[in-house]
$ cat final.pdb   # PDB, C-alpha atoms
ATOM      1  CA  MET A 553      17.162   2.261 -22.354
ATOM      2  CA  ALA A 554      19.767   4.882 -21.486
ATOM      3  CA  GLN A 555      21.767   4.282 -18.343
ATOM      4  CA  THR A 556      20.060   5.989 -15.390
ATOM      5  CA  PRO A 557      20.563   6.108 -11.617
ATOM      6  CA  GLN A 558      19.196   3.217  -9.616
ATOM      7  CA  VAL A 559      15.859   3.036  -7.909
ATOM      8  CA  LYS A 560      16.187   2.636  -4.151
ATOM      9  CA  LEU A 561      14.082   1.837  -1.163
ATOM     10  CA  VAL A 562      12.379   4.836   0.317
ATOM     11  CA  PRO A 563      14.576   5.316   3.418
ATOM     12  CA  PHE A 564      13.073   3.982   6.615
ATOM     13  CA  THR A 565      13.974   3.759  10.286
ATOM     14  CA  ILE A 566      14.021   0.528  12.288
ATOM     15  CA  ASN A 567      12.798   1.453  15.748
ATOM     16  CA  SER A 568      12.822  -2.024  17.314
ATOM     17  CA  ILE A 569      12.751  -5.744  16.498
ATOM     18  CA  VAL A 570      10.985  -8.292  18.693
ATOM     19  CA  ASP A 571      10.397 -12.037  18.623
ATOM     20  CA  GLN A 572       6.690 -11.926  19.285
ATOM     21  CA  THR A 573       3.679  -9.684  19.575
ATOM     22  CA  ASN A 574      -0.041 -10.194  19.712
ATOM     23  CA  GLU A 575      -1.947  -7.188  18.601
ATOM     24  CA  THR A 576      -3.864  -5.399  15.931
ATOM     25  CA  PRO A 577      -1.303  -2.745  14.936
ATOM     26  CA  LYS A 578      -2.292   0.809  15.794
ATOM     27  CA  GLY A 579      -2.263   1.858  12.169
ATOM     28  CA  VAL A 580      -4.682  -0.895  11.142
ATOM     29  CA  SER A 581      -7.053   0.199  13.912
ATOM     30  CA  LEU A 582      -6.575   3.899  13.200
ATOM     31  CA  ILE A 583      -7.733   3.645   9.600
ATOM     32  CA  GLN A 584     -10.694   1.588  10.904
ATOM     33  CA  ALA A 585      -9.999  -1.452   8.752
ATOM     34  CA  PRO A 586     -11.612  -3.948  11.190
ATOM     35  CA  GLU A 587     -14.856  -1.948  11.061
ATOM     36  CA  ILE A 588     -15.374  -2.895   7.408
ATOM     37  CA  TRP A 589     -13.908  -6.409   7.441
ATOM     38  CA  GLU A 590     -17.323  -8.064   7.418
ATOM     39  CA  GLU A 591     -18.745  -6.153   4.461
ATOM     40  CA  SER A 592     -15.453  -6.356   2.530
ATOM     41  CA  ASN A 593     -14.824 -10.026   3.394
ATOM     42  CA  GLN A 594     -11.381  -8.965   4.641
ATOM     43  CA  GLY A 595     -10.159  -8.507   1.072
ATOM     44  CA  GLU A 596     -10.693 -12.131   0.053
ATOM     45  CA  GLY A 597     -10.022 -12.751  -3.617
ATOM     46  CA  ILE A 598      -7.948  -9.595  -4.101
ATOM     47  CA  VAL A 599      -4.300  -9.978  -5.144
ATOM     48  CA  VAL A 600      -1.823  -7.232  -4.223
ATOM     49  CA  ALA A 601       1.521  -7.205  -6.034
ATOM     50  CA  VAL A 602       4.214  -6.012  -3.632
ATOM     51  CA  ILE A 603       7.114  -4.724  -5.724
ATOM     52  CA  ASP A 604       9.895  -4.591  -3.158
ATOM     53  CA  THR A 605      12.756  -6.650  -1.650
ATOM     54  CA  GLY A 606      10.867  -9.953  -1.602
ATOM     55  CA  VAL A 607       9.122 -11.663   1.306
ATOM     56  CA  ASP A 608       9.848 -14.123   4.117
ATOM     57  CA  THR A 609       7.822 -17.030   2.745
ATOM     58  CA  ASP A 610       8.079 -18.981   6.018
ATOM     59  CA  HIS A 611       6.816 -16.263   8.348
ATOM     60  CA  PRO A 612       3.818 -17.644  10.278
ATOM     61  CA  ASP A 613       1.717 -14.553   9.549
ATOM     62  CA  LEU A 614       2.521 -14.570   5.827
ATOM     63  CA  LYS A 615       3.147 -18.124   4.629
ATOM     64  CA  ASN A 616      -0.513 -18.704   3.772
ATOM     65  CA  GLN A 617      -0.931 -15.267   2.220
ATOM     66  CA  ILE A 618       1.544 -15.581  -0.649
ATOM     67  CA  ILE A 619      -0.010 -16.622  -3.944
ATOM     68  CA  GLY A 620       3.204 -16.371  -5.960
ATOM     69  CA  GLY A 621       6.331 -14.393  -6.660
ATOM     70  CA  ARG A 622       9.298 -13.736  -8.888
ATOM     71  CA  ASN A 623      12.835 -12.409  -8.555
ATOM     72  CA  PHE A 624      13.886  -9.760 -11.069
ATOM     73  CA  THR A 625      17.220  -8.953  -9.399
ATOM     74  CA  THR A 626      20.673 -10.508  -9.575
ATOM     75  CA  ASP A 627      20.363 -11.735  -5.957
ATOM     76  CA  PHE A 628      20.362 -15.515  -5.416
ATOM     77  CA  ASN A 629      22.220 -15.982  -8.708
ATOM     78  CA  ALA A 630      19.322 -14.296 -10.506
ATOM     79  CA  ASP A 631      17.099 -17.318  -9.870
ATOM     80  CA  PRO A 632      13.630 -16.040 -10.895
ATOM     81  CA  ASP A 633      11.908 -18.416  -8.489
ATOM     82  CA  MET A 634      13.889 -17.216  -5.454
ATOM     83  CA  PHE A 635      12.068 -14.166  -4.101
ATOM     84  CA  GLU A 636      13.011 -14.451  -0.420
ATOM     85  CA  ASP A 637      13.510 -11.198   1.424
ATOM     86  CA  ASN A 638      17.180 -10.589   2.277
ATOM     87  CA  ASN A 639      16.531  -7.043   3.476
ATOM     88  CA  GLY A 640      13.402  -6.965   5.660
ATOM     89  CA  HIS A 641      11.527  -4.134   3.987
ATOM     90  CA  GLY A 642       9.320  -6.239   1.710
ATOM     91  CA  THR A 643       8.286  -8.556   4.536
ATOM     92  CA  HIS A 644       7.261  -5.598   6.693
ATOM     93  CA  VAL A 645       5.232  -4.019   3.885
ATOM     94  CA  SER A 646       3.544  -7.336   3.060
ATOM     95  CA  GLY A 647       2.503  -7.831   6.670
ATOM     96  CA  THR A 648       0.811  -4.455   6.868
ATOM     97  CA  ILE A 649      -1.175  -5.307   3.756
ATOM     98  CA  ALA A 650      -2.242  -8.863   4.461
ATOM     99  CA  ALA A 651      -0.815 -10.558   7.573
ATOM    100  CA  SER A 652      -3.301 -13.280   8.503
ATOM    101  CA  LEU A 653      -5.854 -13.019  11.293
ATOM    102  CA  ASN A 654      -4.639 -15.982  13.346
ATOM    103  CA  ASN A 655      -4.830 -14.741  16.946
ATOM    104  CA  ASP A 656      -1.064 -14.399  17.034
ATOM    105  CA  GLY A 657       1.570 -11.963  15.809
ATOM    106  CA  VAL A 658       0.019  -9.088  13.878
ATOM    107  CA  VAL A 659      -2.861  -8.711  11.449
ATOM    108  CA  GLY A 660      -2.836  -6.782   8.193
ATOM    109  CA  VAL A 661      -5.330  -4.296   6.809
ATOM    110  CA  ALA A 662      -6.800  -6.938   4.461
ATOM    111  CA  PRO A 663      -6.082 -10.298   6.139
ATOM    112  CA  LYS A 664      -7.702 -12.429   3.436
ATOM    113  CA  ALA A 665      -6.032 -10.697   0.490
ATOM    114  CA  LYS A 666      -3.148 -12.471  -1.239
ATOM    115  CA  ILE A 667       0.382 -11.235  -1.910
ATOM    116  CA  LEU A 668       2.224 -11.577  -5.216
ATOM    117  CA  SER A 669       5.793 -10.824  -4.143
ATOM    118  CA  LEU A 670       7.909  -9.319  -6.923
ATOM    119  CA  LYS A 671      11.514  -8.845  -5.836
ATOM    120  CA  VAL A 672      13.029  -5.862  -7.655
ATOM    121  CA  LEU A 673      15.408  -4.566  -5.003
ATOM    122  CA  SER A 674      18.533  -6.273  -3.734
ATOM    123  CA  GLY A 675      19.430  -6.997  -0.152
ATOM    124  CA  GLU A 676      21.112  -3.585  -0.102
ATOM    125  CA  GLY A 677      17.836  -1.950  -1.120
ATOM    126  CA  SER A 678      18.628  -0.836  -4.666
ATOM    127  CA  GLY A 679      17.641  -1.971  -8.128
ATOM    128  CA  ASN A 680      17.584  -1.081 -11.804
ATOM    129  CA  TYR A 681      14.714   0.784 -13.411
ATOM    130  CA  GLU A 682      14.431  -2.111 -15.856
ATOM    131  CA  TRP A 683      13.691  -4.515 -12.983
ATOM    132  CA  ILE A 684      10.855  -2.277 -11.769
ATOM    133  CA  ILE A 685       9.422  -1.902 -15.252
ATOM    134  CA  ASN A 686       9.548  -5.639 -15.891
ATOM    135  CA  ALA A 687       7.859  -6.340 -12.563
ATOM    136  CA  ILE A 688       5.011  -3.910 -13.250
ATOM    137  CA  ASN A 689       4.413  -5.484 -16.648
ATOM    138  CA  TYR A 690       4.613  -8.942 -15.083
ATOM    139  CA  ALA A 691       1.957  -7.954 -12.547
ATOM    140  CA  VAL A 692      -0.351  -6.795 -15.347
ATOM    141  CA  ASP A 693      -0.001 -10.070 -17.249
ATOM    142  CA  TRP A 694       0.000 -12.413 -14.222
ATOM    143  CA  ARG A 695      -2.884 -14.812 -13.724
ATOM    144  CA  GLY A 696      -3.409 -17.010 -10.671
ATOM    145  CA  PRO A 697      -4.420 -20.664 -10.409
ATOM    146  CA  GLN A 698      -8.105 -19.667 -10.548
ATOM    147  CA  ASN A 699      -7.436 -16.983 -13.146
ATOM    148  CA  GLN A 700      -7.047 -14.287 -10.482
ATOM    149  CA  ARG A 701      -5.401 -11.081 -11.567
ATOM    150  CA  VAL A 702      -3.596  -8.312  -9.727
ATOM    151  CA  ARG A 703      -5.876  -5.478  -8.618
ATOM    152  CA  VAL A 704      -3.368  -3.434  -6.574
ATOM    153  CA  ILE A 705       0.367  -2.719  -6.851
ATOM    154  CA  SER A 706       2.277  -1.462  -3.794
ATOM    155  CA  MET A 707       5.672   0.208  -4.301
ATOM    156  CA  SER A 708       7.618   1.764  -1.433
ATOM    157  CA  LEU A 709      10.543   2.766  -3.637
ATOM    158  CA  GLY A 710      11.657   5.649  -5.775
ATOM    159  CA  GLY A 711      14.319   7.180  -7.928
ATOM    160  CA  PRO A 712      15.325  10.677  -9.082
ATOM    161  CA  GLU A 713      14.745  10.174 -12.792
ATOM    162  CA  ASP A 714      11.521  10.412 -14.789
ATOM    163  CA  VAL A 715      12.104   7.419 -17.056
ATOM    164  CA  PRO A 716       9.591   7.268 -19.946
ATOM    165  CA  GLU A 717       9.495   3.463 -19.948
ATOM    166  CA  LEU A 718       8.599   3.475 -16.242
ATOM    167  CA  HIS A 719       5.799   5.955 -16.797
ATOM    168  CA  LYS A 720       4.502   3.864 -19.680
ATOM    169  CA  ALA A 721       4.451   0.739 -17.491
ATOM    170  CA  VAL A 722       2.549   2.564 -14.747
ATOM    171  CA  LYS A 723      -0.032   3.910 -17.203
ATOM    172  CA  ASN A 724      -0.429   0.430 -18.684
ATOM    173  CA  ALA A 725      -1.148  -1.001 -15.233
ATOM    174  CA  VAL A 726      -3.754   1.668 -14.488
ATOM    175  CA  ASP A 727      -5.325   1.135 -17.919
ATOM    176  CA  HIS A 728      -5.724  -2.530 -16.935
ATOM    177  CA  GLY A 729      -7.653  -1.607 -13.819
ATOM    178  CA  ILE A 730      -4.802  -1.834 -11.317
ATOM    179  CA  SER A 731      -4.484   0.737  -8.540
ATOM    180  CA  VAL A 732      -0.798   1.680  -8.244
ATOM    181  CA  VAL A 733       0.097   2.870  -4.718
ATOM    182  CA  VAL A 734       3.505   4.501  -4.191
ATOM    183  CA  ALA A 735       5.333   6.060  -1.230
ATOM    184  CA  ALA A 736       5.833   9.824  -1.352
ATOM    185  CA  GLY A 737       9.397   9.580  -0.018
ATOM    186  CA  ASN A 738      11.231  10.641   3.121
ATOM    187  CA  GLU A 739      13.200  13.697   2.052
ATOM    188  CA  GLY A 740      10.761  16.197   3.555
ATOM    189  CA  ASP A 741      12.166  19.248   5.326
ATOM    190  CA  ASP A 742       9.043  21.040   6.688
ATOM    191  CA  ARG A 743       9.606  23.970   4.313
ATOM    192  CA  GLU A 744       6.524  25.263   2.502
ATOM    193  CA  ASP A 745       8.490  26.655  -0.426
ATOM    194  CA  THR A 746      10.230  23.433  -1.493
ATOM    195  CA  PHE A 747       8.788  20.277  -3.028
ATOM    196  CA  GLU A 748      10.449  16.849  -3.137
ATOM    197  CA  TYR A 749       9.751  14.648  -6.148
ATOM    198  CA  SER A 750      10.682  11.043  -6.823
ATOM    199  CA  TYR A 751       9.479   8.533  -9.394
ATOM    200  CA  PRO A 752       7.180   6.691  -9.854
ATOM    201  CA  GLY A 753       5.505   8.433  -6.888
ATOM    202  CA  SER A 754       5.231  11.757  -8.691
ATOM    203  CA  TYR A 755       3.323  10.399 -11.683
ATOM    204  CA  ASN A 756      -0.238  11.667 -11.696
ATOM    205  CA  GLU A 757      -1.559   8.182 -12.437
ATOM    206  CA  VAL A 758      -0.333   6.662  -9.163
ATOM    207  CA  ILE A 759      -1.777   7.062  -5.679
ATOM    208  CA  GLN A 760       1.002   8.798  -3.761
ATOM    209  CA  VAL A 761       0.968   8.310   0.012
ATOM    210  CA  GLY A 762       2.481  10.534   2.684
ATOM    211  CA  ALA A 763       2.925   9.677   6.356
ATOM    212  CA  VAL A 764       1.423  10.823   9.651
ATOM    213  CA  THR A 765       1.955   9.768  13.264
ATOM    214  CA  HIS A 766      -0.579   7.854  15.341
ATOM    215  CA  ASN A 767      -1.626  11.262  16.684
ATOM    216  CA  LEU A 768      -2.461  12.356  13.121
ATOM    217  CA  GLU A 769       0.437  14.797  13.031
ATOM    218  CA  LEU A 770       2.328  15.114   9.766
ATOM    219  CA  ALA A 771       5.562  13.111   9.896
ATOM    220  CA  PRO A 772       8.511  15.527   9.603
ATOM    221  CA  PHE A 773      10.205  13.355   6.985
ATOM    222  CA  THR A 774       7.267  12.972   4.573
ATOM    223  CA  ASN A 775       7.760  14.494   1.116
ATOM    224  CA  THR A 776       5.596  17.382  -0.015
ATOM    225  CA  ASN A 777       4.676  17.913  -3.652
ATOM    226  CA  SER A 778       1.746  18.602  -5.937
ATOM    227  CA  GLU A 779       0.953  14.921  -6.481
ATOM    228  CA  VAL A 780       0.364  13.729  -2.874
ATOM    229  CA  ASP A 781      -3.045  12.005  -2.783
ATOM    230  CA  LEU A 782      -3.522  11.135   0.880
ATOM    231  CA  VAL A 783      -1.725  10.220   4.110
ATOM    232  CA  ALA A 784      -1.683   7.123   6.324
ATOM    233  CA  PRO A 785       0.110   5.887   9.462
ATOM    234  CA  GLY A 786       3.854   5.827   8.864
ATOM    235  CA  VAL A 787       5.513   6.208  12.274
ATOM    236  CA  ASP A 788       6.202   3.317  14.689
ATOM    237  CA  VAL A 789       4.365   0.843  12.460
ATOM    238  CA  VAL A 790       4.545  -2.729  13.793
ATOM    239  CA  SER A 791       4.532  -5.529  11.218
ATOM    240  CA  THR A 792       6.189  -8.776  10.161
ATOM    241  CA  PHE A 793       9.958  -9.054   9.782
ATOM    242  CA  PRO A 794      12.247 -11.871   8.516
ATOM    243  CA  ASP A 795      13.191 -14.853  10.682
ATOM    244  CA  ASN A 796       9.714 -15.032  12.242
ATOM    245  CA  LYS A 797      10.181 -11.667  13.925
ATOM    246  CA  TYR A 798       8.259  -8.413  14.159
ATOM    247  CA  ALA A 799       9.546  -4.871  13.862
ATOM    248  CA  SER A 800       8.509  -1.283  14.420
ATOM    249  CA  LEU A 801       9.514   0.816  11.401
ATOM    250  CA  SER A 802       8.923   4.415  10.347
ATOM    251  CA  GLY A 803       8.697   5.968   6.877
ATOM    252  CA  THR A 804       6.315   6.668   4.027
ATOM    253  CA  SER A 805       7.203   3.097   3.053
ATOM    254  CA  MET A 806       5.083   2.034   6.021
ATOM    255  CA  ALA A 807       2.189   4.358   5.140
ATOM    256  CA  THR A 808       1.882   3.012   1.598
ATOM    257  CA  PRO A 809       0.813  -0.572   2.442
ATOM    258  CA  HIS A 810      -1.971   0.752   4.683
ATOM    259  CA  VAL A 811      -3.500   2.299   1.573
ATOM    260  CA  ALA A 812      -2.791  -0.741  -0.634
ATOM    261  CA  GLY A 813      -4.584  -2.952   1.890
ATOM    262  CA  ALA A 814      -7.402  -0.430   2.205
ATOM    263  CA  ILE A 815      -7.979  -0.552  -1.543
ATOM    264  CA  ALA A 816      -8.194  -4.358  -1.395
ATOM    265  CA  LEU A 817     -11.042  -3.973   1.107
ATOM    266  CA  LEU A 818     -12.742  -1.208  -0.867
ATOM    267  CA  ILE A 819     -12.717  -3.189  -4.109
ATOM    268  CA  ASN A 820     -14.762  -5.947  -2.486
ATOM    269  CA  LEU A 821     -17.046  -3.554  -0.626
ATOM    270  CA  SER A 822     -17.700  -1.224  -3.558
ATOM    271  CA  GLU A 823     -18.105  -3.861  -6.244
ATOM    272  CA  ARG A 824     -20.652  -5.614  -4.070
ATOM    273  CA  GLU A 825     -22.546  -2.348  -3.603
ATOM    274  CA  PHE A 826     -22.505  -1.491  -7.314
ATOM    275  CA  ASN A 827     -22.966  -5.132  -8.364
ATOM    276  CA  ARG A 828     -20.316  -4.804 -11.074
ATOM    277  CA  SER A 829     -16.592  -4.504 -11.589
ATOM    278  CA  LEU A 830     -15.190  -1.004 -11.134
ATOM    279  CA  ILE A 831     -12.442   0.614 -13.146
ATOM    280  CA  GLU A 832      -9.395   2.117 -11.433
ATOM    281  CA  SER A 833     -10.730   5.680 -11.405
ATOM    282  CA  GLU A 834     -13.921   4.500  -9.702
ATOM    283  CA  ILE A 835     -11.947   2.684  -7.022
ATOM    284  CA  TYR A 836      -9.876   5.830  -6.519
ATOM    285  CA  ALA A 837     -13.081   7.826  -6.055
ATOM    286  CA  GLN A 838     -14.209   5.363  -3.382
ATOM    287  CA  LEU A 839     -10.858   5.772  -1.627
ATOM    288  CA  VAL A 840     -10.857   9.565  -1.703
ATOM    289  CA  ARG A 841     -14.382   9.831  -0.291
ATOM    290  CA  ARG A 842     -13.015   8.051   2.776
ATOM    291  CA  THR A 843     -10.393  10.655   3.601
ATOM    292  CA  LEU A 844     -10.459  13.156   6.434
ATOM    293  CA  PRO A 845      -8.677  16.516   5.947
ATOM    294  CA  LEU A 846      -6.277  17.225   8.825
ATOM    295  CA  GLY A 847      -5.690  20.911   8.140
ATOM    296  CA  TYR A 848      -2.278  20.655   6.466
ATOM    297  CA  ARG A 849      -1.363  21.972   3.030
ATOM    298  CA  LYS A 850      -2.697  19.925   0.117
ATOM    299  CA  SER A 851       0.915  19.402  -0.936
ATOM    300  CA  SER A 852       1.473  17.652   2.405
ATOM    301  CA  GLU A 853      -1.716  15.666   3.017
ATOM    302  CA  GLY A 854      -3.478  15.637  -0.356
ATOM    303  CA  ASN A 855      -7.119  14.757   0.293
ATOM    304  CA  GLY A 856      -6.408  13.870   3.918
ATOM    305  CA  PHE A 857      -6.122  10.850   6.197
ATOM    306  CA  ILE A 858      -7.642   7.522   5.153
ATOM    307  CA  VAL A 859     -10.587   6.483   7.377
ATOM    308  CA  LEU A 860     -12.310   3.421   5.936
ATOM    309  CA  ASN A 861     -15.448   3.721   8.024
ATOM    310  CA  LEU A 862     -15.781   7.467   7.468
ATOM    311  CA  VAL A 863     -18.873   7.206   5.282
ATOM    312  CA  ASP A 864     -20.728   5.241   7.961
ATOM    313  CA  LYS A 865     -19.579   7.771  10.564
ATOM    314  CA  ILE A 866     -21.078  10.566   8.462
ATOM    315  CA  TYR A 867     -24.354   8.624   8.200
ATOM    316  CA  GLU A 868     -24.279   8.220  11.968
ATOM    317  CA  ILE A 869     -23.889  11.970  12.454
ATOM    318  CA  ILE A 870     -26.778  12.618  10.059
ATOM    319  CA  ASN A 871     -28.944  10.131  11.949
ATOM    320  CA  VAL A 872     -28.268  11.953  15.203
ATOM    321  CA  ALA A 873     -29.076  15.270  13.556
ATOM    322  CA  ARG A 874     -32.366  13.786  12.344
ATOM    323  CA  LEU A 875     -33.308  12.635  15.829
ATOM    324  CA  ASN A 876     -32.132   9.094  15.069
ATOM    325  CA  ILE A 877     -34.490   8.595  12.146
ATOM    326  CA  PRO A 878     -32.856   5.683  10.240
ATOM    327  CA  LEU A 879     -31.533   6.493   6.801
ATOM    328  CA  GLN A 880     -33.041   4.528   3.961
ATOM    329  CA  GLN A 881     -30.717   1.670   3.093
ATOM    330  CA  LYS A 882     -29.228   1.603  -0.360
TER
END
$ encode --input "final.pdb" --output "structure tokens"
Amino acid sequence: MAQTPQVKLVPFTINSIVDQTNETPKGVSLIQAPEIWEESNQGEGIVVAVIDTGVDTDHPDLKNQIIGGRNFTTDFNADPDMFEDNNGHGTHVSGTIAASLNNDGVVGVAPKAKILSLKVLSGEGSGNYEWIINAINYAVDWRGPQNQRVRVISMSLGGPEDVPELHKAVKNAVDHGISVVVAAGNEGDDREDTFEYSYPGSYNEVIQVGAVTHNLELAPFTNTNSEVDLVAPGVDVVSTFPDNKYASLSGTSMATPHVAGAIALLINLSEREFNRSLIESEIYAQLVRRTLPLGYRKSSEGNGFIVLNLVDKIYEIINVARLNIPLQQK
């Protein structure tokens, strides 16, 4: 492969770091994840590959959520079995996806899903395209102790170059039924006449996520382009952080894991409803039908804001309109 610029973390802001918290994060509540926990079994059985800076394997909210991992970087003397997080970003992302429901700390969107932590970025937050490509292919081929396989990939990273080998790896993952969720990026400038592209987020095959505030206002930093699929909470997001801590971070990096966790829930919910396995495009359709347009340009919000219980809310509205005549159950 020709020498290309490095892939880097999507820039993010650390707002605060604390030793303890005890709450369902606002973003998890805002997308209404708890409302579908029962029918989705909290994402149990779904493995999400977090391709990032690694994970704090001893964090009390994460230590039981990690099903495996691998280091693709030169950190820790390139030991492939050493995928600890020496940055903080990967631990925060992992917590938003699947922090356990243990009446302490924080809880993730899909608290019974499992994390496969693939470390592709160094402690400084940068990595080679080859590391990313190898990690994506590893996620496709990975099998768990009970023959589990990865159903979702979460990547809050990006680079300026459209590398053919990277695109090929992404398409291969999608062809194997894996939903690939990627941050839109934080180079937004609020101008309607300029688009900001980074890769792999700008590939049509991925699910590109922009960021909004807890008031559902578009985050000023979120990238705009023709491939944005939807938006999720990305400002003042509280989640796990290394050394048994918790942190409030902002960025499209923080929006992305909300969607990755949401897909873990929707896979269980939808495959139970259809009584069969669904391919990636079918899962995407289930995700998109649970979005709420906010009135921004499609290049900013895509299909809209993710609301997991939106379908039930629509049924509720119809019931009211029909004088509370119950809808026939599927």
$ resolve_selection --input "final.pdb" --expression "the PyMOL selection byres ((chain A and resi 703-708) around 7)" --output "PDB file with C-alpha atoms, in the frame of the given file"
ATOM      1  CA  LEU A 561      14.082   1.837  -1.163  1.00  0.00           C
ATOM      2  CA  VAL A 562      12.379   4.836   0.317  1.00  0.00           C
ATOM      3  CA  ILE A 598      -7.948  -9.595  -4.101  1.00  0.00           C
ATOM      4  CA  VAL A 599      -4.300  -9.978  -5.144  1.00  0.00           C
ATOM      5  CA  VAL A 600      -1.823  -7.232  -4.223  1.00  0.00           C
ATOM      6  CA  ALA A 601       1.521  -7.205  -6.034  1.00  0.00           C
ATOM      7  CA  VAL A 602       4.214  -6.012  -3.632  1.00  0.00           C
ATOM      8  CA  ILE A 603       7.114  -4.724  -5.724  1.00  0.00           C
ATOM      9  CA  ASP A 604       9.895  -4.591  -3.158  1.00  0.00           C
ATOM     10  CA  ARG A 701      -5.401 -11.081 -11.567  1.00  0.00           C
ATOM     11  CA  VAL A 702      -3.596  -8.312  -9.727  1.00  0.00           C
ATOM     12  CA  LEU A 709      10.543   2.766  -3.637  1.00  0.00           C
ATOM     13  CA  GLY A 729      -7.653  -1.607 -13.819  1.00  0.00           C
ATOM     14  CA  ILE A 730      -4.802  -1.834 -11.317  1.00  0.00           C
ATOM     15  CA  SER A 731      -4.484   0.737  -8.540  1.00  0.00           C
ATOM     16  CA  VAL A 732      -0.798   1.680  -8.244  1.00  0.00           C
ATOM     17  CA  VAL A 733       0.097   2.870  -4.718  1.00  0.00           C
ATOM     18  CA  VAL A 734       3.505   4.501  -4.191  1.00  0.00           C
ATOM     19  CA  ALA A 735       5.333   6.060  -1.230  1.00  0.00           C
ATOM     20  CA  SER A 805       7.203   3.097   3.053  1.00  0.00           C
ATOM     21  CA  THR A 808       1.882   3.012   1.598  1.00  0.00           C
ATOM     22  CA  PRO A 809       0.813  -0.572   2.442  1.00  0.00           C
ATOM     23  CA  ALA A 812      -2.791  -0.741  -0.634  1.00  0.00           C
TER      24      ALA A 812
END
$ residues_around --input "final.pdb" --residues "Thr843 (chain A)" --least-positions-apart "4" --cutoff "9 Å" --atoms "all atoms listed in the file" --output "PyMOL selection string"
chain A and resi 782-783+839+855-860+862
$ resolve_selection --input "final.pdb" --expression "the PyMOL selection byres ((chain A and resi 820) around 12)" --output "ChimeraX atom specification"
/A:588-599,662,664-665,703,813-819,821-830,835,838
$ residues_around --input "final.pdb" --residues "Tyr755 (chain A)" --least-positions-apart "5" --cutoff "12 Å" --atoms "only C-alpha atoms" --output "PyMOL selection string"
chain A and resi 710+713-716+718-723+726+732-736+749-750+760+777-781
$ residues_around --input "final.pdb" --residues "Gln558 (chain A)" --least-positions-apart "5" --cutoff "12 Å" --atoms "all atoms listed in the file" --output "list in words"
Val672, Leu673, Ser674, Glu676, Gly677, Ser678, Gly679, Asn680, Tyr681, Glu682, Trp683, Ile684, Leu709, Gly710, Gly711, Pro712, Glu713, Asp714, Val715, Ser750 and Tyr751 of chain A
$ atom_distance --input "final.pdb" --atom1 "CA of Asn567 (chain A)" --atom2 "CA of Ser800 (chain A)"
5.3 Å
$ closest_residue --input "final.pdb" --among "A:Ala763, A:Met806, A:Ile685, A:Ala585" --to "Val790 (chain A)" --atoms "all atoms listed in the file"
A:Met806
